[in-house]
file upload_37.txt (compact mmCIF, C-alpha atoms and all ligand atoms)
# COMPACT_ATOMS: atom_id res chain seq x y z
CA MET A 1 140.94 192.18 24.11
CA LEU A 2 137.21 192.86 24.08
CA HIS A 3 135.89 196.21 22.93
CA PRO A 4 132.24 196.31 23.97
CA HIS A 5 129.92 198.79 22.30
CA PRO A 6 129.31 202.03 24.20
CA LEU A 7 126.32 202.38 26.54
CA ALA A 8 122.92 203.45 25.26
CA GLN A 9 122.90 207.01 23.92
CA ARG A 10 119.84 208.04 25.93
CA THR A 11 121.65 207.38 29.22
CA LEU A 12 124.63 209.60 28.46
CA ASN A 13 123.09 212.95 29.45
CA VAL A 14 121.44 211.67 32.61
CA LYS A 15 123.05 211.85 36.04
CA PRO A 16 122.04 210.12 39.27
CA SER A 17 119.58 212.05 41.46
CA PRO A 18 121.72 214.68 43.28
CA THR A 19 119.41 214.67 46.29
CA LEU A 20 119.58 210.90 46.74
CA THR A 21 123.36 210.93 46.22
CA LEU A 22 123.75 213.61 48.89
CA ASP A 23 121.38 211.80 51.23
CA ALA A 24 123.39 208.58 50.96
CA GLU A 25 126.62 210.49 51.77
CA VAL A 26 125.06 212.23 54.77
CA LYS A 27 123.60 209.02 56.15
CA ALA A 28 127.03 207.35 55.82
CA MET A 29 128.71 210.30 57.64
CA LYS A 30 126.11 210.08 60.42
CA ALA A 31 126.67 206.36 60.77
CA LYS A 32 130.38 207.11 61.36
CA GLY A 33 129.46 209.43 64.25
CA SER A 34 129.58 212.82 62.47
CA ARG A 35 127.58 215.64 64.15
CA ILE A 36 126.22 216.60 60.76
CA VAL A 37 122.79 218.25 60.66
CA ASN A 38 120.82 216.97 57.70
CA LEU A 39 118.63 219.70 56.22
CA GLY A 40 119.08 218.19 52.77
CA VAL A 41 116.75 215.23 53.06
CA GLY A 42 113.50 214.96 51.19
CA GLU A 43 111.77 212.54 53.49
CA PRO A 44 109.66 212.83 56.64
CA ASP A 45 111.61 211.91 59.79
CA PHE A 46 108.58 210.32 61.55
CA GLU A 47 108.20 206.61 62.06
CA THR A 48 105.64 204.94 59.80
CA PRO A 49 102.49 204.75 62.01
CA ASP A 50 102.21 201.46 63.94
CA PHE A 51 98.87 200.38 62.47
CA ILE A 52 100.50 200.42 59.02
CA LYS A 53 103.49 198.36 60.17
CA GLU A 54 101.09 195.87 61.79
CA ALA A 55 99.21 195.41 58.52
CA ALA A 56 102.47 194.48 56.79
CA ILE A 57 103.42 192.02 59.54
CA GLN A 58 99.96 190.49 59.27
CA ALA A 59 100.35 190.18 55.47
CA ILE A 60 103.56 188.20 55.98
CA ARG A 61 101.91 185.97 58.61
CA ASP A 62 98.97 185.39 56.23
CA GLY A 63 101.37 184.30 53.51
CA PHE A 64 100.46 187.27 51.26
CA THR A 65 103.88 186.92 49.67
CA ARG A 66 103.27 186.03 46.03
CA TYR A 67 102.77 187.90 42.75
CA THR A 68 99.74 190.15 42.63
CA PRO A 69 98.25 191.61 39.44
CA SER A 70 100.85 193.95 37.86
CA GLU A 71 98.52 196.94 38.33
CA GLY A 72 98.17 196.20 42.05
CA ILE A 73 95.49 194.46 44.12
CA LEU A 74 91.88 195.45 43.47
CA GLU A 75 91.25 196.33 47.14
CA LEU A 76 94.04 198.91 47.08
CA ARG A 77 92.97 200.34 43.72
CA GLU A 78 89.45 200.67 45.11
CA ALA A 79 90.82 202.43 48.19
CA VAL A 80 92.75 204.84 45.95
CA ALA A 81 89.61 205.49 43.86
CA ARG A 82 87.72 206.21 47.10
CA LYS A 83 90.47 208.60 48.21
CA PHE A 84 90.15 210.60 44.96
CA SER A 85 86.38 210.67 45.28
CA GLU A 86 86.29 211.70 48.96
CA ASP A 87 89.27 214.08 49.08
CA ASN A 88 89.18 215.57 45.60
CA GLY A 89 85.66 215.03 44.26
CA LEU A 90 87.17 213.14 41.29
CA ASP A 91 85.53 209.94 40.08
CA TYR A 92 87.88 207.22 38.89
CA ASP A 93 87.09 203.61 38.18
CA PRO A 94 89.56 201.13 39.79
CA GLY A 95 90.48 200.29 36.16
CA GLU A 96 91.86 203.82 35.86
CA ILE A 97 94.16 203.38 38.87
CA VAL A 98 97.61 201.72 38.83
CA ILE A 99 99.67 200.96 41.94
CA THR A 100 103.39 201.57 41.35
CA CYS A 101 106.70 201.10 43.17
CA GLY A 102 106.64 204.67 44.57
CA GLY A 103 105.50 208.02 43.24
CA LYS A 104 108.70 208.35 41.21
CA HIS A 105 107.92 205.08 39.43
CA ALA A 106 104.41 206.33 38.62
CA LEU A 107 105.95 209.39 36.96
CA TYR A 108 108.55 207.32 35.12
CA ASN A 109 105.95 204.92 33.74
CA VAL A 110 103.76 207.79 32.59
CA MET A 111 106.65 209.50 30.77
CA GLN A 112 107.38 206.17 29.04
CA ALA A 113 103.72 205.67 28.14
CA LEU A 114 103.07 209.17 26.78
CA PHE A 115 106.28 210.66 25.34
CA GLY A 116 108.98 209.71 22.85
CA PRO A 117 111.52 211.13 20.41
CA GLY A 118 110.49 214.49 18.97
CA ASP A 119 108.05 215.23 21.80
CA GLU A 120 108.53 218.18 24.14
CA VAL A 121 107.45 218.20 27.77
CA ILE A 122 107.11 221.56 29.53
CA ILE A 123 108.57 221.70 33.03
CA PRO A 124 108.14 224.87 35.11
CA ALA A 125 111.43 225.84 36.80
CA PRO A 126 112.43 225.57 39.61
CA TYR A 127 111.53 221.90 39.23
CA TRP A 128 111.98 218.64 41.09
CA VAL A 129 115.35 217.16 40.07
CA THR A 130 113.81 214.00 38.62
CA TYR A 131 111.51 215.41 35.91
CA PRO A 132 114.06 216.35 33.21
CA PRO A 133 116.00 213.05 33.44
CA GLN A 134 112.77 211.07 33.25
CA VAL A 135 111.73 212.96 30.12
CA LEU A 136 115.20 212.36 28.61
CA LEU A 137 115.03 208.65 29.44
CA ALA A 138 111.77 208.50 27.48
CA GLY A 139 113.71 209.91 24.51
CA ALA A 140 111.72 213.17 24.66
CA THR A 141 112.92 216.74 25.28
CA PRO A 142 112.36 218.71 28.48
CA VAL A 143 111.49 222.38 27.86
CA LEU A 144 111.90 224.61 30.90
CA ALA A 145 109.38 227.38 31.55
CA GLU A 146 110.67 230.05 33.90
CA THR A 147 108.71 231.11 36.96
CA ARG A 148 109.58 234.06 39.20
CA GLU A 149 109.95 234.34 42.91
CA SER A 150 108.07 237.67 42.74
CA GLU A 151 105.10 235.78 41.26
CA GLY A 152 105.22 233.09 43.94
CA TYR A 153 106.98 230.68 41.56
CA VAL A 154 103.65 230.07 39.82
CA LEU A 155 103.69 229.42 36.07
CA THR A 156 101.93 232.28 34.28
CA PRO A 157 99.98 231.94 31.01
CA ASP A 158 102.64 234.14 29.36
CA ALA A 159 105.50 231.88 30.38
CA LEU A 160 103.48 228.86 29.24
CA GLU A 161 102.84 230.45 25.82
CA LYS A 162 106.57 231.10 25.44
CA ALA A 163 107.38 227.44 26.11
CA LEU A 164 104.71 226.04 23.77
CA THR A 165 105.72 224.78 20.33
CA LYS A 166 104.14 222.50 17.74
CA ARG A 167 105.99 219.64 19.40
CA SER A 168 104.65 220.23 22.95
CA ARG A 169 102.94 217.09 24.26
CA GLY A 170 102.81 217.48 28.03
CA ILE A 171 103.31 219.68 31.07
CA VAL A 172 104.31 218.76 34.61
CA ILE A 173 102.54 220.55 37.46
CA ASN A 174 103.81 219.90 40.98
CA SER A 175 101.83 221.58 43.75
CA PRO A 176 102.76 221.83 46.59
CA SER A 177 106.17 222.13 45.00
CA ASN A 178 109.48 220.54 45.74
CA PRO A 179 111.72 222.63 46.01
CA THR A 180 109.87 225.95 46.43
CA GLY A 181 106.97 224.93 48.71
CA MET A 182 104.72 227.00 46.43
CA VAL A 183 101.04 226.01 46.12
CA TYR A 184 98.88 226.68 43.03
CA SER A 185 95.46 228.25 43.64
CA ARG A 186 92.36 227.38 41.65
CA GLU A 187 92.75 230.71 39.83
CA ASN A 188 96.39 229.97 38.94
CA LEU A 189 95.33 226.67 37.37
CA LEU A 190 92.28 228.10 35.60
CA ALA A 191 94.53 230.73 34.01
CA LEU A 192 96.63 227.97 32.40
CA ALA A 193 93.76 225.69 31.40
CA PRO A 194 92.71 227.26 28.05
CA ALA A 195 96.21 227.04 26.54
CA ILE A 196 96.68 223.49 27.84
CA GLU A 197 93.34 222.41 26.44
CA ALA A 198 93.93 224.11 23.09
CA ALA A 199 97.34 222.45 22.71
CA GLY A 200 95.96 219.07 23.80
CA LEU A 201 98.77 218.70 26.34
CA TRP A 202 98.90 215.85 28.82
CA VAL A 203 98.94 217.28 32.33
CA ILE A 204 101.18 215.29 34.64
CA SER A 205 99.93 216.36 38.07
CA ASP A 206 102.40 215.41 40.80
CA ASP A 207 100.23 215.55 43.95
CA ILE A 208 102.66 213.81 46.32
CA TYR A 209 102.54 216.69 48.90
CA GLU A 210 98.74 217.05 48.81
CA THR A 211 98.21 216.82 52.59
CA LEU A 212 101.03 219.22 53.50
CA VAL A 213 99.51 222.69 53.02
CA TYR A 214 99.63 225.57 55.52
CA ASN A 215 98.53 229.16 56.02
CA GLY A 216 94.89 228.20 55.49
CA ARG A 217 95.59 227.34 51.84
CA VAL A 218 93.70 224.46 50.22
CA PHE A 219 95.00 221.84 47.83
CA VAL A 220 93.67 222.01 44.27
CA ASN A 221 94.88 220.10 41.21
CA MET A 222 94.07 220.70 37.54
CA PRO A 223 91.06 218.35 37.16
CA MET A 224 89.56 219.75 40.39
CA ALA A 225 89.93 223.31 39.07
CA CYS A 226 88.98 222.44 35.50
CA PRO A 227 86.99 219.18 35.13
CA GLU A 228 87.18 219.47 31.31
CA LEU A 229 90.87 218.60 31.58
CA LYS A 230 90.38 215.36 33.56
CA GLY A 231 90.52 213.35 30.31
CA GLN A 232 94.00 214.68 29.52
CA THR A 233 95.41 214.53 33.06
CA VAL A 234 97.42 211.86 34.84
CA ILE A 235 97.66 212.26 38.62
CA CYS A 236 100.83 210.79 40.14
CA HIS A 237 100.75 210.31 43.88
CA GLY A 238 101.74 207.91 46.64
CA VAL A 239 101.97 207.19 50.34
CA SER A 240 105.67 208.13 50.83
CA LYS A 241 105.30 211.69 52.07
CA THR A 242 101.76 211.57 53.45
CA TYR A 243 102.25 208.56 55.73
CA SER A 244 106.02 208.73 56.23
CA MET A 245 106.47 205.58 54.13
CA THR A 246 109.39 206.46 51.82
CA GLY A 247 111.07 203.06 52.14
CA TRP A 248 107.97 201.00 51.39
CA ARG A 249 107.83 202.05 47.71
CA ILE A 250 104.11 202.40 47.10
CA GLY A 251 102.85 205.03 44.69
CA PHE A 252 99.75 205.26 42.55
CA LEU A 253 98.37 207.06 39.54
CA ALA A 254 94.96 207.90 38.15
CA ALA A 255 94.57 208.28 34.40
CA PRO A 256 92.19 207.69 31.50
CA GLN A 257 91.77 203.93 31.07
CA GLN A 258 93.91 203.66 27.92
CA VAL A 259 96.86 205.28 29.72
CA ALA A 260 96.35 203.13 32.83
CA LYS A 261 96.35 200.03 30.62
CA THR A 262 99.55 201.07 28.86
CA VAL A 263 101.26 201.83 32.17
CA THR A 264 100.17 198.38 33.41
CA MET A 265 101.67 196.80 30.28
CA ILE A 266 104.98 198.61 30.85
CA GLN A 267 104.97 197.66 34.51
CA SER A 268 104.17 194.02 33.71
CA GLN A 269 107.32 193.90 31.55
CA MET A 270 109.51 195.78 33.99
CA THR A 271 108.82 195.36 37.72
CA SER A 272 105.68 193.20 37.70
CA ASN A 273 103.61 194.09 40.77
CA PRO A 274 104.75 196.42 43.57
CA CYS A 275 105.72 194.47 46.71
CA SER A 276 102.68 192.50 47.91
CA ILE A 277 103.41 193.20 51.59
CA ALA A 278 103.87 196.93 51.00
CA GLN A 279 100.56 196.99 49.10
CA LYS A 280 98.80 195.70 52.23
CA ALA A 281 100.58 198.39 54.24
CA GLY A 282 99.43 201.00 51.70
CA LEU A 283 95.88 199.69 51.98
CA ALA A 284 96.00 200.09 55.77
CA ALA A 285 97.37 203.62 55.34
CA LEU A 286 94.63 204.73 52.94
CA THR A 287 91.78 203.14 54.90
CA GLY A 288 93.07 203.83 58.43
CA PRO A 289 92.62 206.75 60.85
CA ARG A 290 93.31 210.25 59.48
CA GLU A 291 94.47 211.59 62.82
CA PRO A 292 98.24 210.90 62.37
CA LEU A 293 98.16 212.97 59.16
CA GLY A 294 96.90 216.07 60.94
CA ARG A 295 99.46 215.60 63.69
CA MET A 296 102.37 215.31 61.22
CA ARG A 297 101.11 218.31 59.28
CA ASP A 298 100.93 220.44 62.43
CA ILE A 299 104.47 219.49 63.42
CA PHE A 300 105.74 220.38 59.94
CA ASP A 301 103.92 223.71 60.18
CA SER A 302 105.68 224.60 63.49
CA ARG A 303 109.03 223.67 61.97
CA ARG A 304 108.25 225.75 58.89
CA LYS A 305 107.61 228.79 61.09
CA LEU A 306 110.79 228.17 63.08
CA ALA A 307 112.89 227.82 59.92
CA LEU A 308 111.41 231.02 58.46
CA LYS A 309 112.09 232.93 61.69
CA LEU A 310 115.71 231.78 61.88
CA LEU A 311 116.39 232.31 58.16
CA GLY A 312 114.89 235.80 58.47
CA GLY A 313 117.75 236.62 60.87
CA ILE A 314 120.51 235.65 58.44
CA PRO A 315 121.62 238.60 56.30
CA GLY A 316 121.78 237.75 52.58
CA PHE A 317 119.06 235.09 52.73
CA ARG A 318 115.79 236.23 51.15
CA THR A 319 113.22 233.55 51.87
CA PRO A 320 109.78 233.46 50.23
CA VAL A 321 107.10 232.08 52.59
CA PRO A 322 106.25 228.55 51.41
CA ALA A 323 102.66 227.32 51.85
CA GLY A 324 103.25 223.61 51.31
CA ALA A 325 105.53 220.54 51.31
CA PHE A 326 108.49 220.63 53.77
CA TYR A 327 111.04 222.88 52.11
CA VAL A 328 112.16 226.50 52.26
CA PHE A 329 113.98 227.84 49.24
CA PRO A 330 115.80 231.09 50.06
CA ASP A 331 117.39 233.20 47.38
CA VAL A 332 121.06 233.51 48.35
CA SER A 333 122.35 235.49 45.38
CA ALA A 334 123.34 238.35 47.73
CA ILE A 335 125.89 236.01 49.34
CA LEU A 336 127.41 234.71 46.12
CA GLY A 337 130.60 236.44 45.03
CA ARG A 338 131.99 236.55 48.58
CA GLU A 339 134.74 234.73 50.35
CA ILE A 340 133.58 232.49 53.17
CA ALA A 341 136.08 230.80 55.49
CA GLY A 342 138.81 231.53 52.97
CA ARG A 343 137.00 230.08 49.96
CA ALA A 344 135.43 231.89 47.02
CA VAL A 345 131.68 231.24 46.96
CA CYS A 346 130.39 231.99 43.48
CA SER A 347 127.53 229.54 43.04
CA SER A 348 124.88 227.72 45.05
CA ASP A 349 127.05 224.60 44.68
CA ASP A 350 129.98 226.43 46.28
CA LEU A 351 127.77 227.67 49.12
CA ALA A 352 126.31 224.22 49.84
CA ALA A 353 129.84 222.78 49.83
CA VAL A 354 131.07 225.42 52.31
CA LEU A 355 128.07 224.86 54.59
CA LEU A 356 128.75 221.14 54.56
CA ARG A 357 132.47 221.50 55.22
CA GLU A 358 132.52 224.40 57.67
CA CYS A 359 129.21 223.88 59.53
CA GLU A 360 128.49 220.24 58.86
CA VAL A 361 125.04 221.21 57.63
CA ALA A 362 123.68 219.40 54.57
CA THR A 363 121.54 221.44 52.14
CA VAL A 364 120.81 221.05 48.44
CA PRO A 365 122.07 223.71 46.00
CA GLY A 366 119.49 225.27 43.72
CA SER A 367 121.45 224.32 40.59
CA GLY A 368 119.92 220.82 40.57
CA PHE A 369 116.44 222.34 40.61
CA GLY A 370 117.13 224.80 37.80
CA ALA A 371 117.48 227.74 40.23
CA GLU A 372 121.14 228.75 40.49
CA GLY A 373 120.78 231.57 43.03
CA ALA A 374 118.84 229.57 45.60
CA ILE A 375 119.44 226.80 48.09
CA ARG A 376 116.98 224.25 49.49
CA PHE A 377 116.54 223.52 53.17
CA SER A 378 114.28 220.69 54.23
CA TYR A 379 112.47 221.13 57.53
CA ALA A 380 111.75 217.43 57.77
CA ALA A 381 114.06 217.51 60.80
CA SER A 382 113.49 218.10 64.52
CA GLU A 383 113.24 221.65 65.89
CA GLU A 384 116.56 221.07 67.69
CA GLU A 385 118.25 220.12 64.42
CA ILE A 386 116.72 223.08 62.58
CA SER A 387 117.87 225.50 65.32
CA GLU A 388 121.33 223.96 65.51
CA GLY A 389 121.84 223.83 61.74
CA LEU A 390 120.61 227.35 60.98
CA GLY A 391 122.46 228.66 64.08
CA ARG A 392 125.74 227.28 62.77
CA ILE A 393 125.13 228.92 59.38
CA ALA A 394 124.28 232.29 60.95
CA ARG A 395 127.48 232.20 63.03
CA LEU A 396 129.63 231.22 60.04
CA LEU A 397 128.30 234.01 57.84
CA ALA A 398 128.55 236.60 60.66
CA THR A 399 132.23 235.86 61.29
CA GLU A 400 133.69 234.39 58.14
CA ALA A 401 132.07 236.11 55.15
CA ARG A 402 133.88 238.97 53.42
CA PRO A 403 134.07 240.46 49.94
CA LEU A 404 136.28 238.53 47.52
CA PRO A 405 139.73 240.11 47.25
CA ALA A 406 140.03 242.03 43.98
CA ALA A 407 141.61 239.85 41.30
C1 LIG A 501 109.29 212.49 47.04
C2 LIG A 501 108.70 212.94 45.76
C3 LIG A 501 108.04 212.06 44.87
C4 LIG A 501 107.86 210.58 45.01
O1 LIG A 501 108.49 209.93 45.97
P1 LIG A 501 108.46 208.34 46.09
O2 LIG A 501 109.36 208.11 47.25
O3 LIG A 501 108.97 207.78 44.82
O4 LIG A 501 107.06 207.93 46.36
C5 LIG A 501 107.46 212.59 43.73
N1 LIG A 501 107.52 213.89 43.46
C6 LIG A 501 108.14 214.76 44.27
C7 LIG A 501 108.14 216.19 43.89
C8 LIG A 501 108.76 214.32 45.44
O5 LIG A 501 109.39 215.22 46.21
call {"tool": "encode", "arguments": {"input": "upload_37.txt", "output": "structure tokens"}}
result
Amino acid sequence: MLHPHPLAQRTLNVKPSPTLTLDAEVKAMKAKGSRIVNLGVGEPDFETPDFIKEAAIQAIRDGFTRYTPSEGILELREAVARKFSEDNGLDYDPGEIVITCGGKHALYNVMQALFGPGDEVIIPAPYWVTYPPQVLLAGATPVLAETRESEGYVLTPDALEKALTKRSRGIVINSPSNPTGMVYSRENLLALAPAIEAAGLWVISDDIYETLVYNGRVFVNMPMACPELKGQTVICHGVSKTYSMTGWRIGFLAAPQQVAKTVTMIQSQMTSNPCSIAQKAGLAALTGPREPLGRMRDIFDSRRKLALKLLGGIPGFRTPVPAGAFYVFPDVSAILGREIAGRAVCSSDDLAAVLLRECEVATVPGSGFGAEGAIRFSYAASEEEISEGLGRIARLLATEARPLPAA
């Protein structure tokens, strides 16, 4: 009998993305006719705009179906450079841009390029589920820096100082944030800049929700707030959320040339180029009309207000007002420690499980985001679905929640 060697050590502490696992389950339940309401998804529910689909169809007709340069086609890298110049006032040469197979792939490549064993990467919590596993897969160590709801979930200079050690090499900043919807202001970023500069940290700026900001807030990233830090910043971005293109797998990054070159080397040995057809679609997206973006943003904003209004009527949910992305992240700790529909609910995992079973509403427990007492609702769903889903939850908690019987 064969006794193969065990799997690679670095994979042993890493689990599959909980949000993608949940999403696959929910989509399978829906396909079987379940009346489940999906408030767990992290993707826009709009169709990809027609002019983008047409560009892809045209690329196929034109036979644009072969390898491209690993770093992506020049036209698209030029369009990305133009986007950074026009939208953010940041000048990048196309040689400092790499096109990747989605925003997640941009982040993964950067972690591989910059970090290794012995290095620490600071991740403000609550965080997007994917950052710690990506740091672990690079062989480096994620170091969580706590943020507080009372401070708008913004990382403070104090919390940053606490997380810094001699081994710190990088910090991830995600604004607007998944899962909290929090948005960093210029002042918030400027407050962090001196410590980041002094420690020589790489700033990994995840700007994927750039266009989804509300309440009159404006998007700012670290090199916009503090141009001195542009040389130690990598911006990871993509078309998935902005243009409702999650399935096309086109992301991009902007970085100092040496980093862009190293990422291109990694990519050339791993995926080669991102899909040639999807690159043409991405080019159409970045160079096409801006009007669909404003329309999608306005629809998300109405849904955000609806979700906040309905959540405000559910006792035990304390919901900070998010200013970006498409998530609300209520604190539900007041509900934990109760019995709901005959089951003890002691954690956000328990609560999400009860909501799925009793209401057929999918949510994501805060545990996966490093925030045990919270639960994430996505409002990338129609107003009918939001009303139906939150209505079911309100009715369940009004009729079925009681104190746990004394042990
Ligand atoms: C969705 C998302 C991404 C990237 O998504 P892709 O589909 O890989 O382009 C990156 N960061 C955050 C925080 C996200 O929510």
call {"tool": "closest_residue", "arguments": {"input": "upload_37.txt", "among": "A:Gly40, A:Pro256, A:Gly389, A:Gly181", "to": "Leu306 (chain A)", "atoms": "only C-alpha atoms"}}
result
A:Gly389
call {"tool": "residues_near_ligand", "arguments": {"input": "upload_37.txt", "ligand": "ligand LIG 501 (chain A)", "cutoff": "8 Å", "atoms": "all atoms listed in the file", "output": "ChimeraX atom specification"}}
result
/A:42-43,101-107,128,130,174,177-179,206-209,236-241,245-247,249-251
call {"tool": "atom_distance", "arguments": {"input": "upload_37.txt", "atom1": "CA of Ala59 (chain A)", "atom2": "CA of Lys280 (chain A)"}}
result
6.6 Å
call {"tool": "atom_distance", "arguments": {"input": "upload_37.txt", "atom1": "CA of Val129 (chain A)", "atom2": "CA of Thr21 (chain A)"}}
result
11.9 Å
call {"tool": "residues_around", "arguments": {"input": "upload_37.txt", "residues": "Glu54 (chain A)", "least_positions_apart": "5", "cutoff": "12 Å", "atoms": "all atoms listed in the file", "output": "list in words"}}
result
Thr48, Pro49, Ala59, Ile60, Arg61, Ile277, Ala278, Lys280, Ala281, Gly282, Leu283, Ala284, Ala285 and Gly288 of chain A
call {"tool": "residues_around", "arguments": {"input": "upload_37.txt", "residues": "Arg376 (chain A)", "least_positions_apart": "2", "cutoff": "7 Å", "atoms": "all atoms listed in the file", "output": "PDB file with C-alpha atoms, in the coordinates of the input"}}
result
ATOM      1  CA  PRO A 179     111.720 222.630  46.010  1.00  0.00           C
ATOM      2  CA  TYR A 327     111.040 222.880  52.110  1.00  0.00           C
ATOM      3  CA  VAL A 328     112.160 226.500  52.260  1.00  0.00           C
ATOM      4  CA  PHE A 329     113.980 227.840  49.240  1.00  0.00           C
ATOM      5  CA  PRO A 330     115.800 231.090  50.060  1.00  0.00           C
ATOM      6  CA  THR A 363     121.540 221.440  52.140  1.00  0.00           C
ATOM      7  CA  VAL A 364     120.810 221.050  48.440  1.00  0.00           C
ATOM      8  CA  PRO A 365     122.070 223.710  46.000  1.00  0.00           C
ATOM      9  CA  GLY A 366     119.490 225.270  43.720  1.00  0.00           C
ATOM     10  CA  ALA A 374     118.840 229.570  45.600  1.00  0.00           C
ATOM     11  CA  SER A 378     114.280 220.690  54.230  1.00  0.00           C
TER      12      SER A 378
END
call {"tool": "closest_residue", "arguments": {"input": "upload_37.txt", "among": "A:Glu187, A:Glu400, A:Glu360, A:Glu78", "to": "Val154 (chain A)", "atoms": "only C-alpha atoms"}}
result
A:Glu187
call {"tool": "atom_distance", "arguments": {"input": "upload_37.txt", "atom1": "CA of Val234 (chain A)", "atom2": "CA of Ala255 (chain A)"}}
result
4.6 Å
call {"tool": "residues_around", "arguments": {"input": "upload_37.txt", "residues": "Pro126 (chain A)", "least_positions_apart": "4", "cutoff": "9 Å", "atoms": "only C-alpha atoms", "output": "list in words"}}
result
Leu144, Ala145, Glu146, Thr147, Arg148, Tyr153, Ser177, Asn178, Pro179, Thr180, Gly366, Gly368, Phe369, Gly370 and Ala371 of chain A
call {"tool": "axis_aligned_box", "arguments": {"input": "upload_37.txt", "around": "region 241-246 of chain A", "padding_each_side": "6 Å", "output": "JSON"}}
result
{"center_x": 105.6, "center_y": 208.6, "center_z": 54.0, "size_x": 19.6, "size_y": 18.1, "size_z": 16.4}
call {"tool": "closest_atom_pairs", "arguments": {"input": "upload_37.txt", "of": "region 12-76 of chain A", "to": "region 297-305 of chain A", "cutoff": "12 Å", "atoms": "all atoms listed in the file", "output": "CSV"}}
result
residue,atom,partner,partner_atom,distance
A:Leu39,CA,A:Arg303,CA,11.9
A:Glu43,CA,A:Phe300,CA,11.8
A:Pro44,CA,A:Phe300,CA,9.1
A:Asp45,CA,A:Phe300,CA,10.3
A:Phe46,CA,A:Ile299,CA,10.2
call {"tool": "build_atoms", "arguments": {"input": "upload_37.txt", "residues": "region 140-144 of chain A", "atoms": "all heavy atoms", "output": "PDB file, in the frame of the given file"}}
result
ATOM      1  N   ALA A 140     112.360 211.890  24.983  1.00  0.00           N
ATOM      2  CA  ALA A 140     111.720 213.170  24.660  1.00  0.00           C
ATOM      3  C   ALA A 140     112.598 214.321  25.169  1.00  0.00           C
ATOM      4  O   ALA A 140     113.669 214.095  25.736  1.00  0.00           O
ATOM      5  CB  ALA A 140     110.328 213.234  25.267  1.00  0.00           C
ATOM      6  N   THR A 141     112.126 215.554  24.961  1.00  0.00           N
ATOM      7  CA  THR A 141     112.920 216.740  25.280  1.00  0.00           C
ATOM      8  C   THR A 141     112.247 217.580  26.355  1.00  0.00           C
ATOM      9  O   THR A 141     111.116 218.014  26.162  1.00  0.00           O
ATOM     10  CB  THR A 141     113.088 217.603  24.005  1.00  0.00           C
ATOM     11  OG1 THR A 141     113.630 216.778  22.977  1.00  0.00           O
ATOM     12  CG2 THR A 141     114.000 218.788  24.247  1.00  0.00           C
ATOM     13  N   PRO A 142     112.934 217.812  27.485  1.00  0.00           N
ATOM     14  CA  PRO A 142     112.360 218.710  28.480  1.00  0.00           C
ATOM     15  C   PRO A 142     112.501 220.160  28.027  1.00  0.00           C
ATOM     16  O   PRO A 142     113.552 220.544  27.530  1.00  0.00           O
ATOM     17  CB  PRO A 142     113.208 218.458  29.747  1.00  0.00           C
ATOM     18  CG  PRO A 142     114.391 217.663  29.321  1.00  0.00           C
ATOM     19  CD  PRO A 142     114.227 217.240  27.893  1.00  0.00           C
ATOM     20  N   VAL A 143     111.445 220.948  28.185  1.00  0.00           N
ATOM     21  CA  VAL A 143     111.490 222.380  27.860  1.00  0.00           C
ATOM     22  C   VAL A 143     111.152 223.134  29.143  1.00  0.00           C
ATOM     23  O   VAL A 143     110.065 222.979  29.697  1.00  0.00           O
ATOM     24  CB  VAL A 143     110.466 222.720  26.753  1.00  0.00           C
ATOM     25  CG1 VAL A 143     110.368 224.235  26.550  1.00  0.00           C
ATOM     26  CG2 VAL A 143     110.860 222.029  25.448  1.00  0.00           C
ATOM     27  N   LEU A 144     112.109 223.925  29.619  1.00  0.00           N
ATOM     28  CA  LEU A 144     111.900 224.610  30.900  1.00  0.00           C
ATOM     29  C   LEU A 144     111.109 225.891  30.686  1.00  0.00           C
ATOM     30  O   LEU A 144     111.356 226.629  29.732  1.00  0.00           O
ATOM     31  CB  LEU A 144     113.243 224.914  31.556  1.00  0.00           C
ATOM     32  CG  LEU A 144     114.137 223.695  31.756  1.00  0.00           C
ATOM     33  CD1 LEU A 144     115.431 224.086  32.472  1.00  0.00           C
ATOM     34  CD2 LEU A 144     113.400 222.602  32.536  1.00  0.00           C
TER      35      LEU A 144
END
